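File shown here: structure.pdb, holding PDB, C-alpha atoms.
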ATOM      1  CA  MET L  18      91.592  80.488  70.612
ATOM      2  CA  ASN L  19      93.585  77.970  72.626
ATOM      3  CA  GLU L  20      93.449  77.940  76.421
ATOM      4  CA  PRO L  21      96.408  77.068  78.600
ATOM      5  CA  ASP L  22      96.125  74.942  81.726
ATOM      6  CA  ASN L  23      94.543  76.414  84.789
ATOM      7  CA  PRO L  24      97.156  77.289  87.379
ATOM      8  CA  SER L  25      96.068  80.119  89.650
ATOM      9  CA  GLU L  26      99.133  82.084  88.602
ATOM     10  CA  LEU L  27     100.478  82.482  85.077
ATOM     11  CA  HIS L  28     103.716  84.036  83.894
ATOM     12  CA  ALA L  29     104.997  85.236  80.541
ATOM     13  CA  CYS L  30     108.075  87.221  79.497
ATOM     14  CA  VAL L  31     105.860  89.431  77.379
ATOM     15  CA  VAL L  32     102.168  89.946  78.073
ATOM     16  CA  VAL L  33     100.160  91.706  75.369
ATOM     17  CA  ILE L  34      96.774  93.169  76.322
ATOM     18  CA  GLY L  35      94.510  93.464  73.305
ATOM     19  CA  ALA L  36      94.299  91.180  70.272
ATOM     20  CA  GLY L  37      93.476  93.802  67.651
ATOM     21  CA  PRO L  38      95.829  94.742  64.797
ATOM     22  CA  GLY L  39      98.418  96.294  67.163
ATOM     23  CA  GLY L  40      98.398  93.523  69.751
ATOM     24  CA  LEU L  41      98.520  90.760  67.149
ATOM     25  CA  ALA L  42     101.457  92.460  65.401
ATOM     26  CA  ALA L  43     103.304  92.875  68.708
ATOM     27  CA  ALA L  44     102.711  89.249  69.690
ATOM     28  CA  VAL L  45     103.824  87.965  66.281
ATOM     29  CA  ALA L  46     107.001  90.090  66.384
ATOM     30  CA  ALA L  47     107.920  89.104  69.944
ATOM     31  CA  SER L  48     107.264  85.400  69.422
ATOM     32  CA  ALA L  49     109.245  85.444  66.160
ATOM     33  CA  ALA L  50     112.195  86.646  68.262
ATOM     34  CA  GLY L  51     111.837  83.537  70.408
ATOM     35  CA  ILE L  52     110.254  85.264  73.387
ATOM     36  CA  ASP L  53     107.583  83.601  75.542
ATOM     37  CA  VAL L  54     104.393  85.586  74.855
ATOM     38  CA  LEU L  55     100.895  85.565  76.296
ATOM     39  CA  LEU L  56      98.150  87.489  74.480
ATOM     40  CA  LEU L  57      94.796  88.278  76.045
ATOM     41  CA  ASP L  58      91.647  90.030  74.941
ATOM     42  CA  ALA L  59      88.287  90.753  76.566
ATOM     43  CA  SER L  60      86.436  89.644  73.441
ATOM     44  CA  PRO L  61      85.771  85.964  72.748
ATOM     45  CA  LEU L  62      87.330  86.368  69.289
ATOM     46  CA  ALA L  63      90.582  88.092  68.295
ATOM     47  CA  GLY L  64      90.633  91.006  65.849
ATOM     48  CA  GLY L  65      89.647  94.040  67.882
ATOM     49  CA  GLN L  66      87.157  96.442  66.342
ATOM     50  CA  ILE L  67      88.726  96.974  62.937
ATOM     51  CA  TRP L  68      89.255  93.264  62.244
ATOM     52  CA  ARG L  69      86.157  92.103  64.085
ATOM     53  CA  ALA L  70      84.913  88.632  63.146
ATOM     54  CA  ARG L  71      81.651  88.555  61.192
ATOM     55  CA  GLN L  72      79.272  85.870  62.501
ATOM     56  CA  GLY L  73      82.218  84.154  64.130
ATOM     57  CA  VAL L  74      84.376  84.034  60.997
ATOM     58  CA  ALA L  75      87.772  85.665  61.566
ATOM     59  CA  ALA L  76      89.000  88.333  59.160
ATOM     60  CA  GLU L  77      91.777  87.006  56.928
ATOM     61  CA  PRO L  78      94.684  88.941  58.583
ATOM     62  CA  VAL L  79      93.500  87.710  61.999
ATOM     63  CA  ALA L  80      93.410  84.077  60.887
ATOM     64  CA  ARG L  81      96.930  84.464  59.473
ATOM     65  CA  ALA L  82      98.297  86.065  62.669
ATOM     66  CA  LEU L  83      96.639  83.451  64.918
ATOM     67  CA  ALA L  84      98.133  80.637  62.826
ATOM     68  CA  ARG L  85     101.589  82.170  63.277
ATOM     69  CA  LEU L  86     101.047  82.578  67.005
ATOM     70  CA  ALA L  87      99.896  78.965  67.314
ATOM     71  CA  SER L  88     102.998  77.768  65.447
ATOM     72  CA  THR L  89     105.279  79.574  67.910
ATOM     73  CA  GLY L  90     103.377  78.389  70.986
ATOM     74  CA  VAL L  91     101.973  81.753  72.040
ATOM     75  CA  ARG L  92      99.281  81.375  74.699
ATOM     76  CA  VAL L  93      96.093  83.229  73.794
ATOM     77  CA  LEU L  94      93.459  83.940  76.456
ATOM     78  CA  ALA L  95      90.129  84.866  74.877
ATOM     79  CA  GLY L  96      87.259  86.440  76.758
ATOM     80  CA  THR L  97      89.655  87.548  79.456
ATOM     81  CA  ARG L  98      89.644  90.984  81.039
ATOM     82  CA  VAL L  99      92.270  92.685  83.147
ATOM     83  CA  VAL L 100      90.596  93.546  86.439
ATOM     84  CA  MET L 101      93.467  95.433  88.065
ATOM     85  CA  ALA L 102      97.215  95.841  88.291
ATOM     86  CA  LEU L 103      98.683  94.242  91.435
ATOM     87  CA  PRO L 104     102.130  95.046  92.862
ATOM     88  CA  ASP L 105     105.268  93.320  91.498
ATOM     89  CA  ARG L 106     104.475  93.229  87.808
ATOM     90  CA  THR L 107     101.312  91.228  88.283
ATOM     91  CA  LEU L 108      97.845  91.596  86.790
ATOM     92  CA  LEU L 109      94.594  90.225  88.135
ATOM     93  CA  ILE L 110      92.707  88.750  85.181
ATOM     94  CA  ASP L 111      89.239  87.237  84.901
ATOM     95  CA  GLY L 112      88.020  84.913  82.170
ATOM     96  CA  PRO L 113      86.300  81.633  81.427
ATOM     97  CA  GLN L 114      88.613  79.868  83.904
ATOM     98  CA  GLY L 115      87.921  82.319  86.694
ATOM     99  CA  ALA L 116      90.143  84.941  88.327
ATOM    100  CA  ARG L 117      93.901  84.407  88.143
ATOM    101  CA  ARG L 118      97.135  86.289  88.629
ATOM    102  CA  LEU L 119      99.326  86.918  85.608
ATOM    103  CA  ARG L 120     102.974  87.934  86.103
ATOM    104  CA  TRP L 121     104.871  89.721  83.338
ATOM    105  CA  ASP L 122     108.426  90.879  82.647
ATOM    106  CA  ARG L 123     107.366  93.239  79.885
ATOM    107  CA  LEU L 124     103.843  94.496  79.322
ATOM    108  CA  ILE L 125     102.463  95.767  76.014
ATOM    109  CA  LEU L 126      99.204  97.714  76.088
ATOM    110  CA  ALA L 127      97.411  97.428  72.760
ATOM    111  CA  THR L 128      93.996  98.329  74.093
ATOM    112  CA  GLY L 129      93.001 100.502  71.161
ATOM    113  CA  ALA L 130      90.298 103.077  71.475
ATOM    114  CA  ARG L 131      86.695 103.193  72.418
ATOM    115  CA  GLU L 132      83.887 105.395  71.274
ATOM    116  CA  ARG L 133      83.068 108.479  73.236
ATOM    117  CA  LEU L 134      79.760 110.048  72.552
ATOM    118  CA  LEU L 135      78.513 113.149  74.275
ATOM    119  CA  PRO L 136      75.257 112.359  76.029
ATOM    120  CA  PHE L 137      72.087 114.002  74.754
ATOM    121  CA  PRO L 138      68.487 113.752  75.980
ATOM    122  CA  GLY L 139      67.217 110.277  75.144
ATOM    123  CA  TRP L 140      70.618 108.645  74.768
ATOM    124  CA  THR L 141      69.657 105.783  77.097
ATOM    125  CA  LEU L 142      66.555 104.831  75.079
ATOM    126  CA  PRO L 143      66.623 101.324  73.636
ATOM    127  CA  GLY L 144      67.660 101.638  69.997
ATOM    128  CA  VAL L 145      70.372 104.251  70.627
ATOM    129  CA  PHE L 146      73.876 102.870  70.047
ATOM    130  CA  GLY L 147      77.410 104.030  69.464
ATOM    131  CA  ALA L 148      78.070 103.917  65.710
ATOM    132  CA  GLY L 149      80.938 101.459  66.055
ATOM    133  CA  GLY L 150      78.930  99.713  68.750
ATOM    134  CA  LEU L 151      76.006  98.931  66.474
ATOM    135  CA  GLN L 152      78.432  97.890  63.745
ATOM    136  CA  ALA L 153      80.038  95.456  66.207
ATOM    137  CA  LEU L 154      76.685  94.067  67.381
ATOM    138  CA  VAL L 155      75.469  93.573  63.815
ATOM    139  CA  LYS L 156      78.610  91.582  62.981
ATOM    140  CA  GLY L 157      77.605  89.404  65.933
ATOM    141  CA  GLY L 158      74.141  88.723  64.556
ATOM    142  CA  TRP L 159      72.139  91.650  65.948
ATOM    143  CA  PRO L 160      69.068  91.800  63.662
ATOM    144  CA  ILE L 161      69.101  95.000  61.609
ATOM    145  CA  ARG L 162      67.528  93.976  58.282
ATOM    146  CA  GLY L 163      64.743  96.348  57.300
ATOM    147  CA  ARG L 164      65.276  98.667  60.277
ATOM    148  CA  ARG L 165      65.498 102.417  59.667
ATOM    149  CA  VAL L 166      68.791 103.675  61.070
ATOM    150  CA  VAL L 167      70.195 107.188  61.473
ATOM    151  CA  VAL L 168      74.008 107.247  61.601
ATOM    152  CA  ALA L 169      75.319 110.457  63.180
ATOM    153  CA  GLY L 170      78.560 111.922  64.451
ATOM    154  CA  THR L 171      81.763 112.903  62.747
ATOM    155  CA  GLY L 172      84.687 111.377  60.901
ATOM    156  CA  PRO L 173      85.294 108.718  58.250
ATOM    157  CA  LEU L 174      84.455 105.790  60.561
ATOM    158  CA  LEU L 175      80.816 106.874  60.321
ATOM    159  CA  LEU L 176      80.881 105.985  56.628
ATOM    160  CA  ALA L 177      82.290 102.547  57.405
ATOM    161  CA  ALA L 178      79.609 101.955  60.037
ATOM    162  CA  ALA L 179      76.858 103.084  57.648
ATOM    163  CA  ALA L 180      78.224 100.850  54.874
ATOM    164  CA  THR L 181      78.264  97.785  57.161
ATOM    165  CA  LEU L 182      74.715  98.445  58.359
ATOM    166  CA  ARG L 183      73.482  98.873  54.802
ATOM    167  CA  ARG L 184      75.209  95.693  53.639
ATOM    168  CA  GLU L 185      73.384  93.809  56.390
ATOM    169  CA  GLY L 186      70.060  95.110  55.143
ATOM    170  CA  ALA L 187      69.467  98.216  57.270
ATOM    171  CA  GLN L 188      67.757 101.185  55.673
ATOM    172  CA  VAL L 189      70.105 104.086  56.446
ATOM    173  CA  VAL L 190      67.631 106.978  56.504
ATOM    174  CA  GLY L 191      70.214 109.619  57.374
ATOM    175  CA  LEU L 192      73.982 109.960  57.523
ATOM    176  CA  VAL L 193      74.519 113.020  59.710
ATOM    177  CA  GLU L 194      78.005 114.552  59.721
ATOM    178  CA  GLU L 195      78.698 117.318  62.208
ATOM    179  CA  ALA L 196      81.474 118.903  60.133
ATOM    180  CA  ARG L 197      80.398 121.534  57.626
ATOM    181  CA  GLY L 198      80.720 121.114  53.879
ATOM    182  CA  ASP L 199      83.809 123.314  53.520
ATOM    183  CA  ALA L 200      85.734 121.372  56.203
ATOM    184  CA  LEU L 201      84.770 118.079  54.532
ATOM    185  CA  ALA L 202      85.982 119.368  51.170
ATOM    186  CA  ARG L 203      89.371 120.228  52.719
ATOM    187  CA  PHE L 204      89.571 116.724  54.237
ATOM    188  CA  ALA L 205      88.659 115.119  50.907
ATOM    189  CA  GLY L 206      91.414 117.204  49.268
ATOM    190  CA  THR L 207      94.045 115.655  51.568
ATOM    191  CA  LEU L 208      93.063 112.189  50.295
ATOM    192  CA  ALA L 209      94.624 113.003  46.911
ATOM    193  CA  ALA L 210      98.031 112.470  48.551
ATOM    194  CA  HIS L 211      97.011 108.966  49.707
ATOM    195  CA  PRO L 212      95.739 107.000  46.687
ATOM    196  CA  ARG L 213      94.886 103.856  48.695
ATOM    197  CA  LYS L 214      92.834 105.871  51.173
ATOM    198  CA  ALA L 215      91.196 107.741  48.286
ATOM    199  CA  LEU L 216      90.221 104.413  46.683
ATOM    200  CA  GLN L 217      88.850 103.187  50.011
ATOM    201  CA  ALA L 218      86.822 106.397  50.338
ATOM    202  CA  LEU L 219      85.536 106.022  46.784
ATOM    203  CA  ARG L 220      84.385 102.436  47.446
ATOM    204  CA  LEU L 221      82.648 103.576  50.655
ATOM    205  CA  GLY L 222      81.027 106.424  48.738
ATOM    206  CA  VAL L 223      79.695 104.025  46.104
ATOM    207  CA  SER L 224      78.318 101.652  48.739
ATOM    208  CA  LEU L 225      76.456 104.584  50.291
ATOM    209  CA  LEU L 226      74.856 105.922  47.099
ATOM    210  CA  GLY L 227      71.302 106.997  47.756
ATOM    211  CA  VAL L 228      71.783 107.521  51.493
ATOM    212  CA  PRO L 229      70.644 111.018  52.567
ATOM    213  CA  PHE L 230      73.856 112.820  53.604
ATOM    214  CA  ILE L 231      73.301 115.725  55.989
ATOM    215  CA  ARG L 232      76.285 117.963  56.708
ATOM    216  CA  GLY L 233      76.848 120.530  59.427
ATOM    217  CA  SER L 234      74.263 118.981  61.754
ATOM    218  CA  ARG L 235      74.314 117.198  65.070
ATOM    219  CA  VAL L 236      71.933 115.162  67.206
ATOM    220  CA  VAL L 237      70.298 117.205  69.962
ATOM    221  CA  ALA L 238      67.841 114.548  71.191
ATOM    222  CA  ALA L 239      66.450 111.077  70.659
ATOM    223  CA  GLU L 240      62.747 110.657  71.399
ATOM    224  CA  GLY L 241      60.225 107.841  71.606
ATOM    225  CA  ALA L 242      57.871 105.965  73.904
ATOM    226  CA  GLY L 243      60.007 103.267  75.485
ATOM    227  CA  ARG L 244      62.426 103.172  72.553
ATOM    228  CA  VAL L 245      63.841 105.539  69.959
ATOM    229  CA  GLU L 246      61.293 106.574  67.327
ATOM    230  CA  ARG L 247      62.800 109.806  66.044
ATOM    231  CA  VAL L 248      65.986 111.850  66.140
ATOM    232  CA  LEU L 249      66.105 115.628  66.468
ATOM    233  CA  LEU L 250      68.909 117.367  64.607
ATOM    234  CA  GLN L 251      70.204 120.893  64.714
ATOM    235  CA  GLY L 252      72.039 122.382  61.775
ATOM    236  CA  GLU L 253      73.884 125.590  61.067
ATOM    237  CA  GLY L 254      72.078 128.684  62.306
ATOM    238  CA  GLY L 255      69.990 126.532  64.651
ATOM    239  CA  ARG L 256      67.802 124.999  61.959
ATOM    240  CA  GLY L 257      66.001 121.980  63.343
ATOM    241  CA  ARG L 258      65.044 118.759  61.623
ATOM    242  CA  THR L 259      63.445 115.476  62.685
ATOM    243  CA  ILE L 260      64.051 112.016  61.224
ATOM    244  CA  ASP L 261      61.832 109.032  62.084
ATOM    245  CA  CYS L 262      63.872 105.888  62.726
ATOM    246  CA  ASP L 263      64.082 102.548  64.561
ATOM    247  CA  ALA L 264      67.701 102.995  65.634
ATOM    248  CA  LEU L 265      70.284 105.721  66.097
ATOM    249  CA  ALA L 266      73.977 104.946  65.698
ATOM    250  CA  ALA L 267      75.861 107.908  67.178
ATOM    251  CA  GLY L 268      79.644 108.123  66.848
TER     252      GLY L 268
ATOM    253  CA  MET I 170      72.547  75.785  67.521
ATOM    254  CA  ARG I 171      69.782  75.711  70.092
ATOM    255  CA  ILE I 172      69.835  77.968  73.160
ATOM    256  CA  THR I 173      67.207  79.314  75.539
ATOM    257  CA  VAL I 174      66.462  82.911  76.473
ATOM    258  CA  ASP I 175      64.322  83.209  79.612
ATOM    259  CA  GLY I 176      63.283  79.604  79.121
ATOM    260  CA  ARG I 177      62.230  80.037  75.507
ATOM    261  CA  ALA I 178      64.081  77.891  72.948
ATOM    262  CA  LEU I 179      65.788  79.701  70.084
ATOM    263  CA  GLU I 180      67.832  78.578  67.101
ATOM    264  CA  VAL I 181      70.840  80.836  66.301
ATOM    265  CA  PRO I 182      73.749  80.481  63.864
ATOM    266  CA  PRO I 183      77.328  80.058  65.144
ATOM    267  CA  GLY I 184      79.059  83.352  65.882
ATOM    268  CA  THR I 185      75.944  84.929  67.384
ATOM    269  CA  LEU I 186      76.556  87.187  70.363
ATOM    270  CA  VAL I 187      74.477  86.593  73.487
ATOM    271  CA  ALA I 188      73.347  90.245  73.238
ATOM    272  CA  ALA I 189      72.075  89.565  69.698
ATOM    273  CA  ALA I 190      70.235  86.427  70.847
ATOM    274  CA  VAL I 191      68.426  88.475  73.514
ATOM    275  CA  GLU I 192      67.320  90.935  70.812
ATOM    276  CA  ILE I 193      66.179  88.126  68.493
ATOM    277  CA  ALA I 194      64.197  86.518  71.338
ATOM    278  CA  ALA I 195      62.346  89.717  72.292
ATOM    279  CA  PRO I 196      62.996  92.605  69.879
ATOM    280  CA  GLY I 197      63.456  95.960  71.590
ATOM    281  CA  ARG I 198      62.989  94.620  75.109
ATOM    282  CA  GLY I 199      66.630  94.659  76.181
ATOM    283  CA  ALA I 200      68.420  92.651  78.830
ATOM    284  CA  ARG I 201      67.736  94.780  81.862
ATOM    285  CA  ALA I 202      66.077  97.875  83.323
ATOM    286  CA  SER I 203      67.549 100.945  84.980
ATOM    287  CA  PRO I 204      66.944 101.363  88.744
ATOM    288  CA  ASP I 205      63.946 103.587  87.902
ATOM    289  CA  GLY I 206      62.435 100.871  85.729
ATOM    290  CA  LEU I 207      63.288 102.092  82.223
ATOM    291  CA  ARG I 208      64.246  99.376  79.733
ATOM    292  CA  ARG I 209      67.834  99.450  78.549
ATOM    293  CA  GLN I 210      69.661  98.015  75.546
ATOM    294  CA  PRO I 211      73.366  97.787  74.742
ATOM    295  CA  LEU I 212      74.942 101.136  73.864
ATOM    296  CA  CYS I 213      78.620 100.459  73.242
ATOM    297  CA  GLY I 214      78.714  96.935  71.806
ATOM    298  CA  MET I 215      82.268  96.506  73.049
ATOM    299  CA  GLY I 216      82.221  95.628  76.718
ATOM    300  CA  VAL I 217      82.262  99.076  78.316
ATOM    301  CA  CYS I 218      78.715 100.226  79.119
ATOM    302  CA  GLY I 219      77.370  97.099  80.852
ATOM    303  CA  GLU I 220      73.810  97.512  79.510
ATOM    304  CA  CYS I 221      73.904  93.991  78.008
ATOM    305  CA  ARG I 222      74.385  92.214  81.355
ATOM    306  CA  VAL I 223      72.636  88.834  81.601
ATOM    307  CA  ALA I 224      72.978  85.599  83.518
ATOM    308  CA  ILE I 225      74.572  82.863  81.418
ATOM    309  CA  ASP I 226      74.176  79.274  82.632
ATOM    310  CA  GLY I 227      73.524  80.614  86.119
ATOM    311  CA  HIS I 228      76.454  83.031  86.216
ATOM    312  CA  ALA I 229      75.127  86.552  86.779
ATOM    313  CA  HIS I 230      76.457  89.796  85.273
ATOM    314  CA  ARG I 231      77.991  88.359  82.112
ATOM    315  CA  LEU I 232      78.416  90.850  79.285
ATOM    316  CA  GLY I 233      76.188  89.712  76.433
ATOM    317  CA  CYS I 234      78.193  91.698  73.875
ATOM    318  CA  GLN I 235      81.406  89.916  74.880
ATOM    319  CA  SER I 236      79.969  86.398  74.957
ATOM    320  CA  LEU I 237      79.199  84.041  72.091
ATOM    321  CA  CYS I 238      76.235  81.686  72.158
ATOM    322  CA  ALA I 239      77.115  78.031  72.677
ATOM    323  CA  PRO I 240      74.901  74.959  72.189
ATOM    324  CA  GLY I 241      72.509  74.459  75.098
ATOM    325  CA  MET I 242      73.333  77.817  76.667
ATOM    326  CA  GLU I 243      70.722  79.183  79.079
ATOM    327  CA  ILE I 244      70.444  82.972  79.085
ATOM    328  CA  ARG I 245      68.368  84.890  81.611
ATOM    329  CA  THR I 246      67.599  88.605  81.414
ATOM    330  CA  ASP I 247      66.772  90.911  84.339
ATOM    331  CA  GLU I 248      68.924  88.996  86.831
TER     332      GLU I 248
END

The structure given in the file should be rewritten as structure tokens.
Amino acid sequence: MNEPDNPSELHACVVVIGAGPGGLAAAVAASAAGIDVLLLDASPLAGGQIWRARQGVAAEPVARALARLASTGVRVLAGTRVVMALPDRTLLIDGPQGARRLRWDRLILATGARERLLPFPGWTLPGVFGAGGLQALVKGGWPIRGRRVVVAGTGPLLLAAAATLRREGAQVVGLVEEARGDALARFAGTLAAHPRKALQALRLGVSLLGVPFIRGSRVVAAEGAGRVERVLLQGEGGRGRTIDCDALAAG
Amino acid sequence: MRITVDGRALEVPPGTLVAAAVEIAAPGRGARASPDGLRRQPLCGMGVCGECRVAIDGHAHRLGCQSLCAPGMEIRTDE
């Protein structure tokens, strides 16, 4: 990303916080209307979580959006966090060029979401990650090849995380979905109305063939001496189960 | 590109996160310990939890999951 000069105070008509799909779209739209835009993101590379760069290579839609922003002179501040909101439409930001003030006329928050996982005993052991978190780290070169990983939580993003980990050589020894089989069947039924989503789901399903899929269960503890070595699950009716692993990705 | 982690030279490809380089240098060791001495590793991977904090080129408390390796970079854990 390009860096502007280093005055201690910056100003833009429109400041966009977050360079994921939403922030990039907002910045492209505003700059196309001839407005002076500044886009910032805490990550060193644009894309957010969904369009996260893999080993530094931008996803195609990100490269396209950044090219458009460059052509309209949008300033992009990478690796820059908002520390706090000051009075008078001013933000305190901190990045590679140190702390600066940033004044705005209009502010767009495109900060996306972050994972929330309910703590369980052992959640601070090395080798326990958020599911999206491990996916993000692996795209940044975190070594996962040959490691045994349990992916646990709920929702379709789990499948995407498991598919990424598997593609990078992880051995996914358990895909643990908290929802019960009947609820999952209802969800799958709704996909019929969205053919593109159904196709996406089908592709994910194919890429996960052979992965043990455990429904109606949740993580109750991670255990190990100094790092995670096994995950304890509890299923319907309190049935317990243990899976040996090198990493737990909990979403 | 060549970097060092705690003084040890390491070769990593472009696009490698500092947090990943720390793991490659010493698998499972992590970048820091909790106040009661337990080793910690990144949890969130997206700049929220702070468990990946390292010193980069002498600057303390940089988030390893939000920083890319650069040629000649010196990374120090437990600082």

What residues in chain I have any atom no more than 8 Å from chain L when counting all atoms listed in the file, and can you write them as a compact mmCIF listing (two decimals) with C-alpha atoms, in the frame of the given file?
# COMPACT_ATOMS: atom_id res chain seq x y z
CA PRO I 182 73.75 80.48 63.86
CA PRO I 183 77.33 80.06 65.14
CA GLY I 184 79.06 83.35 65.88
CA THR I 185 75.94 84.93 67.38
CA LEU I 186 76.56 87.19 70.36
CA ALA I 188 73.35 90.24 73.24
CA ALA I 189 72.08 89.56 69.70
CA ALA I 190 70.24 86.43 70.85
CA GLU I 192 67.32 90.94 70.81
CA ILE I 193 66.18 88.13 68.49
CA GLY I 197 63.46 95.96 71.59
CA ARG I 198 62.99 94.62 75.11
CA GLY I 199 66.63 94.66 76.18
CA LEU I 207 63.29 102.09 82.22
CA ARG I 208 64.25 99.38 79.73
CA ARG I 209 67.83 99.45 78.55
CA GLN I 210 69.66 98.02 75.55
CA PRO I 211 73.37 97.79 74.74
CA LEU I 212 74.94 101.14 73.86
CA CYS I 213 78.62 100.46 73.24
CA GLY I 214 78.71 96.94 71.81
CA MET I 215 82.27 96.51 73.05
CA GLY I 216 82.22 95.63 76.72
CA CYS I 234 78.19 91.70 73.88
CA GLN I 235 81.41 89.92 74.88
CA SER I 236 79.97 86.40 74.96
CA LEU I 237 79.20 84.04 72.09

Separation of CA of Gly252 (chain L) from CA of Arg203 (chain L), in Å and rounded to one decimal: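 Atom-to-atom, CA of Gly252 (chain L) and CA of Arg203 (chain L) are spaced 19.7 Å apart.
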
Take the PyMOL selection byres ((chain L and resi 100-117) around 10), apply it to the structure above, and return the hits as an MDAnalysis selection string. chainID L and resid 20:28 32 57:59 61 94:99 118:124

Can I get the selection written as an mmCIF file, in the frame of the given file, with C-alpha atoms?
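out29.cif, freshly written:
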data_model
loop_
_atom_site.group_PDB
_atom_site.id
_atom_site.type_symbol
_atom_site.label_atom_id
_atom_site.label_comp_id
_atom_site.auth_asym_id
_atom_site.auth_seq_id
_atom_site.Cartn_x
_atom_site.Cartn_y
_atom_site.Cartn_z
ATOM 1 C CA GLU L 20 93.449 77.940 76.421
ATOM 2 C CA PRO L 21 96.408 77.068 78.600
ATOM 3 C CA ASP L 22 96.125 74.942 81.726
ATOM 4 C CA ASN L 23 94.543 76.414 84.789
ATOM 5 C CA PRO L 24 97.156 77.289 87.379
ATOM 6 C CA SER L 25 96.068 80.119 89.650
ATOM 7 C CA GLU L 26 99.133 82.084 88.602
ATOM 8 C CA LEU L 27 100.478 82.482 85.077
ATOM 9 C CA HIS L 28 103.716 84.036 83.894
ATOM 10 C CA VAL L 32 102.168 89.946 78.073
ATOM 11 C CA LEU L 57 94.796 88.278 76.045
ATOM 12 C CA ASP L 58 91.647 90.030 74.941
ATOM 13 C CA ALA L 59 88.287 90.753 76.566
ATOM 14 C CA PRO L 61 85.771 85.964 72.748
ATOM 15 C CA LEU L 94 93.459 83.940 76.456
ATOM 16 C CA ALA L 95 90.129 84.866 74.877
ATOM 17 C CA GLY L 96 87.259 86.440 76.758
ATOM 18 C CA THR L 97 89.655 87.548 79.456
ATOM 19 C CA ARG L 98 89.644 90.984 81.039
ATOM 20 C CA VAL L 99 92.270 92.685 83.147
ATOM 21 C CA ARG L 118 97.135 86.289 88.629
ATOM 22 C CA LEU L 119 99.326 86.918 85.608
ATOM 23 C CA ARG L 120 102.974 87.934 86.103
ATOM 24 C CA TRP L 121 104.871 89.721 83.338
ATOM 25 C CA ASP L 122 108.426 90.879 82.647
ATOM 26 C CA ARG L 123 107.366 93.239 79.885
ATOM 27 C CA LEU L 124 103.843 94.496 79.322
#

Test item: which residues lie within 12 Å of (58.4, 110.3, 70.6) counting all atoms listed in the file, as a PyMOL selection string: chain L and resi 138-139+142+238-249+259-263

Enclose all atoms of region 172-175 of chain L listed in the file in an axis-aligned box, grow every side by 8 Å, and hand back centre and edge lengths in Å to one decimal, as AutoDock Vina command-line options.
--center_x 83.1 --center_y 108.6 --center_z 59.6 --size_x 20.5 --size_y 21.6 --size_z 18.7

Suppose you want the space between CA of Ala200 (chain L) and CA of Glu253 (chain L); what is it in Å?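 Computing it gives 13.5 Å between the two atoms.
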
Carefully work through the PyMOL selection byres ((chain I and resi 239) around 8) for this structure and note down the residues it includes, as a list in words.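 Applying the expression gives Met170, Ile172, Pro183, Leu237, Cys238, Pro240, Gly241 and Met242 of chain I.
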
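Across the chains present, the PyMOL selection byres ((chain I and resi 180) around 6) applied to this file returns Met170, Arg171, Leu179 and Val181 of chain I.
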
Find the distance between CA of Ala224 (chain I) and CA of Ala63 (chain L) and write it in Å to one decimal. 23.4 Å

Env of Ile67 (chain L): 9 Å cut, atoms = all atoms listed in the file, seq-sep filter 2 positions within chain, self excluded. Answer as a PDB file with C-alpha atoms, in the coordinates of the input.
ATOM      1  CA  GLY L  37      93.476  93.802  67.651  1.00  0.00           C
ATOM      2  CA  PRO L  38      95.829  94.742  64.797  1.00  0.00           C
ATOM      3  CA  GLY L  64      90.633  91.006  65.849  1.00  0.00           C
ATOM      4  CA  GLY L  65      89.647  94.040  67.882  1.00  0.00           C
ATOM      5  CA  ARG L  69      86.157  92.103  64.085  1.00  0.00           C
TER       6      ARG L  69
END

List as a list of chain:residue names the protein and nucleic acid residues near Ala127 (chain L), meaning an atom at most 8 Å away when only C-alpha atoms are counted, but skip any in the same chain fewer than 5 places from it.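 Here the answer would be L:Val33, L:Ile34, L:Gly35, L:Ala36, L:Gly37, L:Gly39, L:Gly40.
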